[in-house]
file my_file-v4.cif (mmCIF, C-alpha atoms)
data_work
loop_
_atom_site.group_PDB
_atom_site.id
_atom_site.type_symbol
_atom_site.label_atom_id
_atom_site.label_comp_id
_atom_site.auth_asym_id
_atom_site.auth_seq_id
_atom_site.Cartn_x
_atom_site.Cartn_y
_atom_site.Cartn_z
ATOM 1 C CA MET Z 1 9.107 3.053 15.918
ATOM 2 C CA ASN Z 2 10.651 5.705 13.697
ATOM 3 C CA TYR Z 3 8.579 8.417 12.020
ATOM 4 C CA ARG Z 4 8.963 10.129 8.663
ATOM 5 C CA GLN Z 5 7.272 13.104 7.037
ATOM 6 C CA LEU Z 6 4.575 12.205 4.536
ATOM 7 C CA GLY Z 7 5.518 14.706 1.851
ATOM 8 C CA LYS Z 8 3.776 18.055 1.830
ATOM 9 C CA THR Z 9 0.930 16.774 3.998
ATOM 10 C CA GLY Z 10 3.220 17.630 6.903
ATOM 11 C CA PHE Z 11 2.042 14.485 8.714
ATOM 12 C CA LYS Z 12 4.652 12.625 10.757
ATOM 13 C CA VAL Z 13 3.799 8.977 10.228
ATOM 14 C CA SER Z 14 5.205 5.690 11.437
ATOM 15 C CA GLU Z 15 7.617 4.414 8.788
ATOM 16 C CA LEU Z 16 6.065 0.981 9.218
ATOM 17 C CA SER Z 17 2.302 1.371 9.183
ATOM 18 C CA LEU Z 18 -0.671 -0.838 8.360
ATOM 19 C CA GLY Z 19 -2.473 -1.578 5.122
ATOM 20 C CA THR Z 20 -5.940 -3.003 5.712
ATOM 21 C CA TRP Z 21 -6.710 -4.966 2.544
ATOM 22 C CA GLN Z 22 -6.371 -8.140 4.639
ATOM 23 C CA LEU Z 23 -7.819 -6.712 7.842
ATOM 24 C CA GLY Z 24 -10.350 -9.018 9.480
ATOM 25 C CA GLY Z 25 -9.188 -12.241 7.833
ATOM 26 C CA VAL Z 26 -7.359 -13.863 4.966
ATOM 27 C CA TRP Z 27 -8.391 -12.652 1.501
ATOM 28 C CA GLY Z 28 -11.735 -14.021 0.417
ATOM 29 C CA THR Z 29 -12.768 -15.604 3.738
ATOM 30 C CA GLY Z 30 -15.113 -12.935 5.075
ATOM 31 C CA PHE Z 31 -14.606 -10.157 7.614
ATOM 32 C CA ASN Z 32 -14.115 -10.751 11.335
ATOM 33 C CA HIS Z 33 -14.591 -7.492 13.249
ATOM 34 C CA THR Z 34 -13.199 -8.873 16.507
ATOM 35 C CA SER Z 35 -9.981 -9.885 14.777
ATOM 36 C CA ALA Z 36 -9.844 -6.532 13.010
ATOM 37 C CA GLN Z 37 -9.995 -4.587 16.276
ATOM 38 C CA GLN Z 38 -7.290 -6.783 17.799
ATOM 39 C CA ILE Z 39 -4.972 -6.180 14.850
ATOM 40 C CA LEU Z 40 -5.607 -2.423 14.822
ATOM 41 C CA GLU Z 41 -4.942 -2.228 18.562
ATOM 42 C CA ALA Z 42 -1.761 -4.291 18.262
ATOM 43 C CA ALA Z 43 -0.459 -2.043 15.496
ATOM 44 C CA TYR Z 44 -1.247 1.068 17.517
ATOM 45 C CA GLU Z 45 0.574 -0.351 20.543
ATOM 46 C CA GLU Z 46 3.620 -0.876 18.298
ATOM 47 C CA GLY Z 47 3.605 2.832 17.487
ATOM 48 C CA VAL Z 48 1.632 2.797 14.234
ATOM 49 C CA ASN Z 49 -0.220 6.071 13.685
ATOM 50 C CA PHE Z 50 -1.089 5.711 9.983
ATOM 51 C CA PHE Z 51 -3.672 3.306 8.592
ATOM 52 C CA ASP Z 52 -4.455 2.842 4.908
ATOM 53 C CA THR Z 53 -7.791 1.495 3.739
ATOM 54 C CA ALA Z 54 -10.234 1.761 0.807
ATOM 55 C CA ASP Z 55 -13.978 1.839 0.325
ATOM 56 C CA VAL Z 56 -13.871 -1.470 -1.569
ATOM 57 C CA TYR Z 57 -11.938 -3.459 1.032
ATOM 58 C CA GLU Z 58 -14.445 -6.115 2.072
ATOM 59 C CA ASP Z 59 -17.213 -3.902 0.680
ATOM 60 C CA GLY Z 60 -16.648 -1.138 3.205
ATOM 61 C CA GLU Z 61 -16.159 -3.318 6.285
ATOM 62 C CA SER Z 62 -12.508 -2.278 6.603
ATOM 63 C CA GLU Z 63 -13.522 1.393 6.764
ATOM 64 C CA LYS Z 64 -16.220 0.577 9.317
ATOM 65 C CA ALA Z 65 -13.709 -1.239 11.507
ATOM 66 C CA LEU Z 66 -11.400 1.767 11.390
ATOM 67 C CA GLY Z 67 -14.334 3.999 12.253
ATOM 68 C CA VAL Z 68 -14.991 1.990 15.406
ATOM 69 C CA PHE Z 69 -11.294 2.059 16.280
ATOM 70 C CA LEU Z 70 -10.972 5.822 15.757
ATOM 71 C CA ALA Z 71 -14.018 6.491 17.919
ATOM 72 C CA LYS Z 72 -12.559 4.318 20.669
ATOM 73 C CA LYS Z 73 -9.173 6.039 20.596
ATOM 74 C CA GLY Z 74 -10.394 9.618 20.294
ATOM 75 C CA SER Z 75 -8.733 12.616 18.664
ATOM 76 C CA SER Z 76 -5.922 12.745 21.210
ATOM 77 C CA ALA Z 77 -4.421 9.590 19.667
ATOM 78 C CA ASN Z 78 -3.426 11.655 16.598
ATOM 79 C CA ILE Z 79 -4.093 8.770 14.209
ATOM 80 C CA LYS Z 80 -4.033 9.497 10.478
ATOM 81 C CA VAL Z 81 -6.226 7.502 8.115
ATOM 82 C CA ALA Z 82 -5.899 7.288 4.363
ATOM 83 C CA THR Z 83 -8.699 5.816 2.312
ATOM 84 C CA LYS Z 84 -9.378 5.523 -1.400
ATOM 85 C CA CYS Z 85 -12.200 6.130 -3.830
ATOM 86 C CA GLY Z 86 -13.095 5.260 -7.398
ATOM 87 C CA LYS Z 87 -12.951 1.474 -7.476
ATOM 88 C CA ARG Z 88 -16.697 1.218 -6.906
ATOM 89 C CA ILE Z 89 -17.294 2.633 -10.367
ATOM 90 C CA ASN Z 90 -18.672 -0.105 -12.608
ATOM 91 C CA PRO Z 91 -17.824 -0.562 -15.407
ATOM 92 C CA PHE Z 92 -14.402 0.672 -14.297
ATOM 93 C CA ILE Z 93 -13.695 2.845 -17.331
ATOM 94 C CA ASN Z 94 -12.676 6.442 -17.878
ATOM 95 C CA LYS Z 95 -16.006 7.766 -19.120
ATOM 96 C CA ASN Z 96 -17.766 6.622 -15.948
ATOM 97 C CA PHE Z 97 -15.540 8.767 -13.742
ATOM 98 C CA ASN Z 98 -17.110 12.095 -12.877
ATOM 99 C CA PRO Z 99 -16.929 14.512 -9.931
ATOM 100 C CA GLU Z 100 -20.465 13.770 -8.744
ATOM 101 C CA ILE Z 101 -19.879 10.042 -8.382
ATOM 102 C CA LEU Z 102 -16.531 10.504 -6.665
ATOM 103 C CA ARG Z 103 -18.047 13.058 -4.294
ATOM 104 C CA SER Z 104 -20.708 10.545 -3.277
ATOM 105 C CA HIS Z 105 -18.041 7.908 -2.652
ATOM 106 C CA VAL Z 106 -16.087 10.290 -0.415
ATOM 107 C CA GLU Z 107 -19.217 11.132 1.539
ATOM 108 C CA ASP Z 108 -19.965 7.420 1.993
ATOM 109 C CA SER Z 109 -16.444 6.900 3.344
ATOM 110 C CA LEU Z 110 -16.917 9.754 5.804
ATOM 111 C CA LYS Z 111 -19.966 7.961 7.187
ATOM 112 C CA ARG Z 112 -18.254 4.573 7.465
ATOM 113 C CA LEU Z 113 -15.180 6.091 9.108
ATOM 114 C CA LYS Z 114 -17.384 8.205 11.394
ATOM 115 C CA VAL Z 115 -15.283 11.308 10.844
ATOM 116 C CA GLU Z 116 -15.957 14.823 9.601
ATOM 117 C CA THR Z 117 -12.710 15.064 7.626
ATOM 118 C CA ILE Z 118 -10.651 12.410 5.831
ATOM 119 C CA ASP Z 119 -6.943 12.957 6.447
ATOM 120 C CA LEU Z 120 -5.907 11.626 3.027
ATOM 121 C CA ILE Z 121 -8.213 10.574 0.203
ATOM 122 C CA GLN Z 122 -6.612 8.748 -2.717
ATOM 123 C CA LEU Z 123 -7.848 8.050 -6.210
ATOM 124 C CA HIS Z 124 -7.762 4.259 -6.327
ATOM 125 C CA CYS Z 125 -5.786 3.185 -9.400
ATOM 126 C CA PRO Z 126 -8.137 4.778 -11.930
ATOM 127 C CA PRO Z 127 -7.800 4.153 -15.673
ATOM 128 C CA THR Z 128 -4.802 5.993 -17.121
ATOM 129 C CA GLU Z 129 -7.022 8.439 -19.023
ATOM 130 C CA VAL Z 130 -8.371 9.842 -15.744
ATOM 131 C CA TYR Z 131 -4.974 11.380 -14.983
ATOM 132 C CA TYR Z 132 -5.492 13.685 -17.970
ATOM 133 C CA ARG Z 133 -8.747 15.168 -16.664
ATOM 134 C CA PRO Z 134 -8.285 18.330 -14.554
ATOM 135 C CA GLU Z 135 -11.940 18.381 -13.543
ATOM 136 C CA ILE Z 136 -11.448 15.146 -11.580
ATOM 137 C CA PHE Z 137 -8.561 16.600 -9.602
ATOM 138 C CA GLY Z 138 -10.360 19.908 -9.194
ATOM 139 C CA LEU Z 139 -13.134 18.171 -7.279
ATOM 140 C CA PHE Z 140 -10.767 17.505 -4.400
ATOM 141 C CA ASP Z 141 -9.897 21.181 -4.058
ATOM 142 C CA ARG Z 142 -13.584 21.838 -3.481
ATOM 143 C CA LEU Z 143 -13.846 18.967 -1.000
ATOM 144 C CA LYS Z 144 -10.895 20.423 0.889
ATOM 145 C CA GLU Z 145 -12.508 23.866 0.971
ATOM 146 C CA GLU Z 146 -15.636 22.220 2.373
ATOM 147 C CA GLY Z 147 -13.597 20.550 5.101
ATOM 148 C CA LYS Z 148 -14.392 17.008 3.961
ATOM 149 C CA ILE Z 149 -10.789 16.093 3.182
ATOM 150 C CA GLN Z 150 -7.392 17.410 4.230
ATOM 151 C CA HIS Z 151 -5.236 16.078 1.405
ATOM 152 C CA LEU Z 152 -5.397 14.275 -1.949
ATOM 153 C CA GLY Z 153 -3.201 11.419 -3.052
ATOM 154 C CA VAL Z 154 -3.231 8.822 -5.796
ATOM 155 C CA SER Z 155 -2.673 5.104 -5.859
ATOM 156 C CA VAL Z 156 -1.166 4.087 -9.186
ATOM 157 C CA GLU Z 157 -0.402 0.948 -11.137
ATOM 158 C CA LYS Z 158 2.152 2.477 -13.496
ATOM 159 C CA ILE Z 159 4.993 4.900 -12.929
ATOM 160 C CA GLU Z 160 3.795 6.923 -15.910
ATOM 161 C CA GLU Z 161 0.490 7.506 -14.113
ATOM 162 C CA GLY Z 162 2.370 8.798 -11.078
ATOM 163 C CA VAL Z 163 4.421 11.131 -13.284
ATOM 164 C CA LYS Z 164 1.226 12.618 -14.684
ATOM 165 C CA ALA Z 165 -0.537 12.785 -11.315
ATOM 166 C CA ILE Z 166 2.142 14.833 -9.566
ATOM 167 C CA GLN Z 167 1.746 17.551 -12.185
ATOM 168 C CA PHE Z 168 -1.423 18.472 -10.270
ATOM 169 C CA ASP Z 169 -0.329 20.651 -7.356
ATOM 170 C CA ASN Z 170 -2.977 19.243 -5.015
ATOM 171 C CA VAL Z 171 -1.565 15.700 -5.226
ATOM 172 C CA THR Z 172 0.410 15.279 -2.002
ATOM 173 C CA THR Z 173 1.164 11.543 -2.049
ATOM 174 C CA VAL Z 174 1.609 8.652 -4.450
ATOM 175 C CA GLN Z 175 0.974 5.087 -3.373
ATOM 176 C CA ILE Z 176 2.924 2.653 -5.525
ATOM 177 C CA ILE Z 177 4.143 -0.951 -5.475
ATOM 178 C CA TYR Z 178 7.759 -1.049 -4.386
ATOM 179 C CA ASN Z 179 9.697 -3.978 -2.990
ATOM 180 C CA VAL Z 180 12.712 -6.212 -3.611
ATOM 181 C CA PHE Z 181 10.916 -7.572 -6.699
ATOM 182 C CA ARG Z 182 9.544 -4.225 -7.995
ATOM 183 C CA GLN Z 183 12.414 -1.755 -8.166
ATOM 184 C CA ARG Z 184 11.697 0.357 -11.245
ATOM 185 C CA PRO Z 185 10.188 3.294 -9.277
ATOM 186 C CA ASN Z 186 13.655 3.961 -7.908
ATOM 187 C CA ASP Z 187 15.082 4.515 -11.425
ATOM 188 C CA TYR Z 188 13.848 8.106 -11.638
ATOM 189 C CA PHE Z 189 10.345 8.450 -10.207
ATOM 190 C CA PHE Z 190 11.361 8.799 -6.567
ATOM 191 C CA ASP Z 191 13.725 11.612 -7.531
ATOM 192 C CA MET Z 192 10.789 13.421 -9.146
ATOM 193 C CA THR Z 193 8.518 13.031 -6.135
ATOM 194 C CA HIS Z 194 11.314 14.005 -3.748
ATOM 195 C CA LYS Z 195 11.874 17.282 -5.606
ATOM 196 C CA LYS Z 196 8.153 18.071 -5.428
ATOM 197 C CA ASN Z 197 7.916 17.012 -1.765
ATOM 198 C CA VAL Z 198 5.331 14.373 -2.667
ATOM 199 C CA GLY Z 199 5.093 11.577 -0.113
ATOM 200 C CA ILE Z 200 5.600 7.966 -1.193
ATOM 201 C CA ILE Z 201 3.480 5.181 0.280
ATOM 202 C CA ALA Z 202 5.026 1.812 -0.583
ATOM 203 C CA ARG Z 203 2.379 -0.838 -0.955
ATOM 204 C CA VAL Z 204 2.555 -4.616 -1.573
ATOM 205 C CA PRO Z 205 5.940 -4.584 0.207
ATOM 206 C CA LEU Z 206 5.967 -8.362 0.639
ATOM 207 C CA ALA Z 207 4.720 -9.166 -2.872
ATOM 208 C CA SER Z 208 1.424 -10.635 -1.620
ATOM 209 C CA GLY Z 209 3.274 -12.729 0.941
ATOM 210 C CA LEU Z 210 5.796 -14.157 -1.504
ATOM 211 C CA LEU Z 211 8.616 -12.309 0.271
ATOM 212 C CA SER Z 212 7.581 -13.755 3.620
ATOM 213 C CA GLY Z 213 9.544 -16.827 2.604
ATOM 214 C CA LYS Z 214 6.786 -19.114 3.832
ATOM 215 C CA MET Z 215 5.283 -20.148 0.509
ATOM 216 C CA THR Z 216 6.121 -23.271 -1.495
ATOM 217 C CA ARG Z 217 4.883 -24.859 -4.705
ATOM 218 C CA GLU Z 218 2.406 -26.776 -2.543
ATOM 219 C CA THR Z 219 0.872 -23.623 -1.020
ATOM 220 C CA THR Z 220 -2.817 -23.350 -1.845
ATOM 221 C CA PHE Z 221 -5.183 -20.378 -1.794
ATOM 222 C CA ASN Z 222 -8.968 -20.241 -1.557
ATOM 223 C CA SER Z 223 -10.844 -19.525 -4.765
ATOM 224 C CA ASN Z 224 -11.744 -15.965 -3.699
ATOM 225 C CA ASP Z 225 -8.116 -15.060 -2.972
ATOM 226 C CA HIS Z 226 -6.535 -12.916 -5.688
ATOM 227 C CA ARG Z 227 -3.385 -15.026 -5.376
ATOM 228 C CA TYR Z 228 -5.469 -17.893 -6.751
ATOM 229 C CA GLY Z 229 -7.502 -16.120 -9.408
ATOM 230 C CA ASN Z 230 -5.497 -13.107 -10.589
ATOM 231 C CA ARG Z 231 -2.063 -14.443 -11.473
ATOM 232 C CA ASN Z 232 -2.539 -13.434 -15.096
ATOM 233 C CA GLY Z 233 -4.623 -10.332 -14.437
ATOM 234 C CA GLU Z 234 -8.014 -12.020 -14.660
ATOM 235 C CA TRP Z 235 -9.612 -9.833 -11.954
ATOM 236 C CA PHE Z 236 -7.554 -6.635 -11.928
ATOM 237 C CA ASP Z 237 -4.032 -5.482 -12.704
ATOM 238 C CA LYS Z 238 -1.656 -8.445 -12.677
ATOM 239 C CA GLY Z 239 0.972 -6.384 -10.871
ATOM 240 C CA GLU Z 240 -1.093 -6.394 -7.678
ATOM 241 C CA THR Z 241 -0.586 -10.160 -7.299
ATOM 242 C CA PHE Z 242 2.898 -11.301 -6.278
ATOM 243 C CA ALA Z 243 4.022 -7.878 -7.601
ATOM 244 C CA GLY Z 244 3.514 -9.298 -11.094
ATOM 245 C CA VAL Z 245 6.242 -11.912 -10.701
ATOM 246 C CA PRO Z 246 5.412 -15.408 -11.998
ATOM 247 C CA PHE Z 247 4.831 -17.507 -8.885
ATOM 248 C CA GLU Z 248 7.459 -20.180 -9.426
ATOM 249 C CA THR Z 249 10.013 -17.610 -10.578
ATOM 250 C CA GLY Z 250 9.412 -15.729 -7.358
ATOM 251 C CA LEU Z 251 9.742 -18.862 -5.241
ATOM 252 C CA ALA Z 252 13.125 -19.629 -6.798
ATOM 253 C CA ALA Z 253 14.338 -16.085 -6.136
ATOM 254 C CA VAL Z 254 13.099 -16.264 -2.542
ATOM 255 C CA GLU Z 255 15.181 -19.385 -1.930
ATOM 256 C CA LYS Z 256 18.261 -17.453 -3.031
ATOM 257 C CA LEU Z 257 17.352 -14.596 -0.688
ATOM 258 C CA LYS Z 258 17.026 -17.053 2.175
ATOM 259 C CA GLU Z 259 20.603 -18.156 1.590
ATOM 260 C CA ILE Z 260 21.862 -14.565 1.590
ATOM 261 C CA PHE Z 261 20.050 -13.668 4.787
ATOM 262 C CA ASN Z 262 20.418 -16.942 6.626
ATOM 263 C CA GLY Z 263 20.307 -16.313 10.369
ATOM 264 C CA TYR Z 264 17.817 -13.430 10.336
ATOM 265 C CA ASP Z 265 14.535 -13.916 12.200
ATOM 266 C CA SER Z 266 12.365 -13.725 9.095
ATOM 267 C CA LEU Z 267 12.627 -12.918 5.419
ATOM 268 C CA ALA Z 268 9.614 -10.592 5.767
ATOM 269 C CA GLN Z 269 11.595 -8.395 8.145
ATOM 270 C CA VAL Z 270 14.520 -8.385 5.729
ATOM 271 C CA ALA Z 271 12.254 -7.359 2.832
ATOM 272 C CA LEU Z 272 10.726 -4.513 4.845
ATOM 273 C CA LYS Z 273 14.081 -3.315 6.104
ATOM 274 C CA TRP Z 274 15.374 -3.267 2.519
ATOM 275 C CA ILE Z 275 12.633 -0.772 1.643
ATOM 276 C CA LEU Z 276 13.361 1.333 4.715
ATOM 277 C CA LEU Z 277 16.913 1.854 3.499
ATOM 278 C CA ASN Z 278 15.448 4.131 0.821
ATOM 279 C CA HIS Z 279 14.846 7.427 2.586
ATOM 280 C CA LYS Z 280 12.707 8.731 -0.269
ATOM 281 C CA ILE Z 281 10.028 6.341 0.975
ATOM 282 C CA SER Z 282 7.704 8.000 3.489
ATOM 283 C CA VAL Z 283 5.860 4.955 4.777
ATOM 284 C CA ILE Z 284 5.438 1.222 4.130
ATOM 285 C CA ILE Z 285 2.014 -0.386 4.562
ATOM 286 C CA PRO Z 286 2.330 -4.159 4.999
ATOM 287 C CA GLY Z 287 -0.962 -5.908 5.647
ATOM 288 C CA ALA Z 288 -1.837 -8.253 8.474
ATOM 289 C CA SER Z 289 -4.508 -10.909 8.853
ATOM 290 C CA LYS Z 290 -3.062 -12.255 12.126
ATOM 291 C CA LEU Z 291 -1.576 -10.710 15.245
ATOM 292 C CA GLN Z 292 1.691 -12.522 14.553
ATOM 293 C CA HIS Z 293 2.067 -10.517 11.340
ATOM 294 C CA ILE Z 294 2.032 -7.265 13.323
ATOM 295 C CA GLN Z 295 4.499 -8.550 15.883
ATOM 296 C CA ASN Z 296 6.858 -9.756 13.170
ATOM 297 C CA ASN Z 297 6.622 -6.914 10.652
ATOM 298 C CA MET Z 298 6.949 -4.037 13.088
ATOM 299 C CA ARG Z 299 10.334 -5.273 14.233
ATOM 300 C CA ALA Z 300 11.876 -4.874 10.800
ATOM 301 C CA GLY Z 301 13.273 -1.478 11.676
ATOM 302 C CA ASN Z 302 15.416 -3.026 14.413
ATOM 303 C CA ILE Z 303 17.388 -5.331 12.105
ATOM 304 C CA ILE Z 304 21.086 -4.547 12.139
ATOM 305 C CA LYS Z 305 22.440 -3.066 8.933
ATOM 306 C CA PHE Z 306 23.009 -5.296 5.950
ATOM 307 C CA SER Z 307 26.479 -5.779 4.577
ATOM 308 C CA ASP Z 308 27.443 -4.383 1.185
ATOM 309 C CA GLU Z 309 27.834 -7.963 -0.010
ATOM 310 C CA GLN Z 310 24.290 -8.850 1.015
ATOM 311 C CA LEU Z 311 22.850 -5.811 -0.713
ATOM 312 C CA GLN Z 312 24.788 -6.501 -3.894
ATOM 313 C CA ALA Z 313 23.725 -10.148 -3.896
ATOM 314 C CA THR Z 314 20.103 -9.050 -3.468
ATOM 315 C CA GLN Z 315 20.453 -6.675 -6.393
ATOM 316 C CA ASP Z 316 21.983 -9.427 -8.512
ATOM 317 C CA ILE Z 317 18.941 -11.621 -7.891
ATOM 318 C CA TYR Z 318 16.688 -8.822 -9.063
ATOM 319 C CA GLU Z 319 18.765 -8.065 -12.140
ATOM 320 C CA HIS Z 320 19.087 -11.660 -13.298
ATOM 321 C CA SER Z 321 15.966 -13.442 -12.013
ATOM 322 C CA ILE Z 322 13.214 -10.833 -11.742
ATOM 323 C CA LYS Z 323 13.925 -7.795 -13.895
ATOM 324 C CA PRO Z 324 13.597 -9.566 -17.277
ATOM 325 C CA HIS Z 325 10.041 -10.591 -16.364
ATOM 326 C CA ILE Z 326 8.531 -7.369 -15.037
ATOM 327 C CA HIS Z 327 10.766 -4.294 -14.989
ATOM 328 C CA ASP Z 328 9.318 -2.510 -18.006
ATOM 329 C CA LEU Z 329 5.675 -3.475 -17.435
ATOM 330 C CA TRP Z 330 4.788 -1.038 -14.659
#

call {"tool": "encode", "arguments": {"input": "my_file-v4.cif", "output": "structure tokens"}}
result
Amino acid sequence: MNYRQLGKTGFKVSELSLGTWQLGGVWGTGFNHTSAQQILEAAYEEGVNFFDTADVYEDGESEKALGVFLAKKGSSANIKVATKCGKRINPFINKNFNPEILRSHVEDSLKRLKVETIDLIQLHCPPTEVYYRPEIFGLFDRLKEEGKIQHLGVSVEKIEEGVKAIQFDNVTTVQIIYNVFRQRPNDYFFDMTHKKNVGIIARVPLASGLLSGKMTRETTFNSNDHRYGNRNGEWFDKGETFAGVPFETGLAAVEKLKEIFNGYDSLAQVALKWILLNHKISVIIPGASKLQHIQNNMRAGNIIKFSDEQLQATQDIYEHSIKPHIHDLW
């Protein structure tokens, strides 16, 4: 495992880490704590020292599972945990965001994680208007002074939200969707964050599994899975599902990628390695609902280098097949 610095947090984190939206089972099928502990342990054994979660993942069960894991490993393991707050606000609108509510959410996360200090707390894709409210960001300075958090980050839907967020000096990281099918952040945003020493956490690196190469037109999803019910943004931002790419368009592009990278162990490893080539990325957080996902994903860093021809062919697929559908939306 290789390690990179997570911006001005100063943390050295595994470049391939673990996102826990799927921890404990496939989306919408309930939470299995035994499976969760097995996956966390497997990731740790692979060298993962950074785990990303949120208070809304399986209604707090993901945080609880991490709390059990952290207690088992102890402080000597030097594990860093990032969680998120704000998504519990209902209705999820700007006027309902206030420091008191967010403080209570942070304190609830501290209890579920069984820690005294959260390494990295992130605002969880709040409405765009929230990024224009200094009092929201000021809260986290007070929480840091109180020892309840070490650092603040944001998870954003749109690049423009990230641009606004990093104007606040206490924002140390930005979590954003970035993958073979979502390349716009690399146009200018990563240059901005690099100059400010803001860490980048790349989420949805496999486009909700689309870039695993294992899906077909016959693939089905359970009714509680966002890949079933959110393809047009019915539940939350459309860009969170298949990175916003229309499903059949994505499948066609994946078939082209398979031809380019024929002979590699898995397309998922190729997709993760492609992200790792960008050294402005601090950490990638692929999810895992099975042990096999950990074993497969964590080997992406060992893939031999791609040829210039492969990289250009990959870029051509994006430019011609994907970019017209999504590039300017997020």

call {"tool": "closest_residue", "arguments": {"input": "my_file-v4.cif", "among": "Z:Gly213, Z:Pro246, Z:Pro134, Z:Gly239", "to": "Tyr264 (chain Z)", "atoms": "all atoms listed in the file"}}
result
Z:Gly213

call {"tool": "resolve_selection", "arguments": {"input": "my_file-v4.cif", "expression": "the PyMOL selection byres ((chain Z and resi 20) around 8)", "output": "JSON, numbers by chain"}}
result
{"Z": [18, 19, 21, 22, 23, 51, 52, 53, 57, 62, 287, 288]}

call {"tool": "closest_atom_pairs", "arguments": {"input": "my_file-v4.cif", "of": "region 216-319 of chain Z", "to": "region 25-49 of chain Z", "cutoff": "12 Å", "atoms": "only C-alpha atoms", "output": "CSV"}}
result
residue,atom,partner,partner_atom,distance
Z:Phe221,CA,Z:Trp27,CA,9.0
Z:Asn222,CA,Z:Gly28,CA,7.1
Z:Ser223,CA,Z:Gly28,CA,7.6
Z:Asn224,CA,Z:Gly28,CA,4.6
Z:Asp225,CA,Z:Gly28,CA,5.1
Z:His226,CA,Z:Trp27,CA,7.4
Z:Arg227,CA,Z:Trp27,CA,8.8
Z:Tyr228,CA,Z:Trp27,CA,10.2
Z:Gly229,CA,Z:Gly28,CA,10.9
Z:Val283,CA,Z:Val48,CA,10.6
Z:Ile284,CA,Z:Val48,CA,10.9
Z:Ile285,CA,Z:Val48,CA,10.2
Z:Pro286,CA,Z:Ala43,CA,11.1
Z:Gly287,CA,Z:Ile39,CA,10.0
Z:Ala288,CA,Z:Ile39,CA,7.4
Z:Ser289,CA,Z:Gly25,CA,5.0
Z:Lys290,CA,Z:Ile39,CA,6.9
Z:Leu291,CA,Z:Ile39,CA,5.7
Z:Gln292,CA,Z:Ile39,CA,9.2
Z:His293,CA,Z:Ile39,CA,9.0
Z:Ile294,CA,Z:Ala43,CA,6.2
Z:Gln295,CA,Z:Ala42,CA,7.9
Z:Asn296,CA,Z:Glu46,CA,10.8
Z:Asn297,CA,Z:Ala43,CA,9.9
Z:Met298,CA,Z:Glu46,CA,6.9
Z:Arg299,CA,Z:Glu46,CA,9.0
Z:Ala300,CA,Z:Glu46,CA,11.8
Z:Gly301,CA,Z:Glu46,CA,11.7

call {"tool": "residues_around", "arguments": {"input": "my_file-v4.cif", "residues": "region 106-112 of chain Z", "least_positions_apart": "5", "cutoff": "12 Å", "atoms": "all atoms listed in the file", "output": "PyMOL selection string"}}
result
chain Z and resi 53-57+59-71+81-88+99-101+117-124+139-140+143-144+146-149+152

call {"tool": "atom_distance", "arguments": {"input": "my_file-v4.cif", "atom1": "CA of Lys214 (chain Z)", "atom2": "CA of Ala268 (chain Z)"}}
result
9.2 Å

call {"tool": "build_atoms", "arguments": {"input": "my_file-v4.cif", "residues": "region 246-257 of chain Z", "atoms": "N, CA and C atoms", "output": "PDB file, in the coordinates of the input"}}
result
ATOM      1  N   PRO Z 246       5.931 -14.048 -11.892  1.00  0.00           N
ATOM      2  CA  PRO Z 246       5.412 -15.408 -11.998  1.00  0.00           C
ATOM      3  C   PRO Z 246       5.715 -16.179 -10.715  1.00  0.00           C
ATOM      4  N   PHE Z 247       4.736 -16.913 -10.212  1.00  0.00           N
ATOM      5  CA  PHE Z 247       4.831 -17.507  -8.885  1.00  0.00           C
ATOM      6  C   PHE Z 247       6.080 -18.373  -8.696  1.00  0.00           C
ATOM      7  N   GLU Z 248       6.316 -19.276  -9.602  1.00  0.00           N
ATOM      8  CA  GLU Z 248       7.459 -20.180  -9.426  1.00  0.00           C
ATOM      9  C   GLU Z 248       8.788 -19.447  -9.601  1.00  0.00           C
ATOM     10  N   THR Z 249       8.812 -18.444 -10.450  1.00  0.00           N
ATOM     11  CA  THR Z 249      10.013 -17.610 -10.578  1.00  0.00           C
ATOM     12  C   THR Z 249      10.302 -16.907  -9.255  1.00  0.00           C
ATOM     13  N   GLY Z 250       9.254 -16.392  -8.644  1.00  0.00           N
ATOM     14  CA  GLY Z 250       9.412 -15.729  -7.358  1.00  0.00           C
ATOM     15  C   GLY Z 250       9.879 -16.674  -6.270  1.00  0.00           C
ATOM     16  N   LEU Z 251       9.330 -17.882  -6.245  1.00  0.00           N
ATOM     17  CA  LEU Z 251       9.742 -18.862  -5.241  1.00  0.00           C
ATOM     18  C   LEU Z 251      11.231 -19.175  -5.355  1.00  0.00           C
ATOM     19  N   ALA Z 252      11.704 -19.331  -6.590  1.00  0.00           N
ATOM     20  CA  ALA Z 252      13.125 -19.629  -6.798  1.00  0.00           C
ATOM     21  C   ALA Z 252      14.002 -18.476  -6.316  1.00  0.00           C
ATOM     22  N   ALA Z 253      13.578 -17.252  -6.577  1.00  0.00           N
ATOM     23  CA  ALA Z 253      14.338 -16.085  -6.136  1.00  0.00           C
ATOM     24  C   ALA Z 253      14.331 -15.976  -4.613  1.00  0.00           C
ATOM     25  N   VAL Z 254      13.198 -16.308  -4.001  1.00  0.00           N
ATOM     26  CA  VAL Z 254      13.099 -16.264  -2.542  1.00  0.00           C
ATOM     27  C   VAL Z 254      14.074 -17.245  -1.903  1.00  0.00           C
ATOM     28  N   GLU Z 255      14.235 -18.412  -2.482  1.00  0.00           N
ATOM     29  CA  GLU Z 255      15.181 -19.385  -1.930  1.00  0.00           C
ATOM     30  C   GLU Z 255      16.605 -18.826  -1.948  1.00  0.00           C
ATOM     31  N   LYS Z 256      16.941 -18.086  -2.974  1.00  0.00           N
ATOM     32  CA  LYS Z 256      18.261 -17.453  -3.031  1.00  0.00           C
ATOM     33  C   LYS Z 256      18.406 -16.380  -1.955  1.00  0.00           C
ATOM     34  N   LEU Z 257      17.324 -15.621  -1.735  1.00  0.00           N
ATOM     35  CA  LEU Z 257      17.352 -14.596  -0.688  1.00  0.00           C
ATOM     36  C   LEU Z 257      17.527 -15.226   0.694  1.00  0.00           C
TER      37      LEU Z 257
END
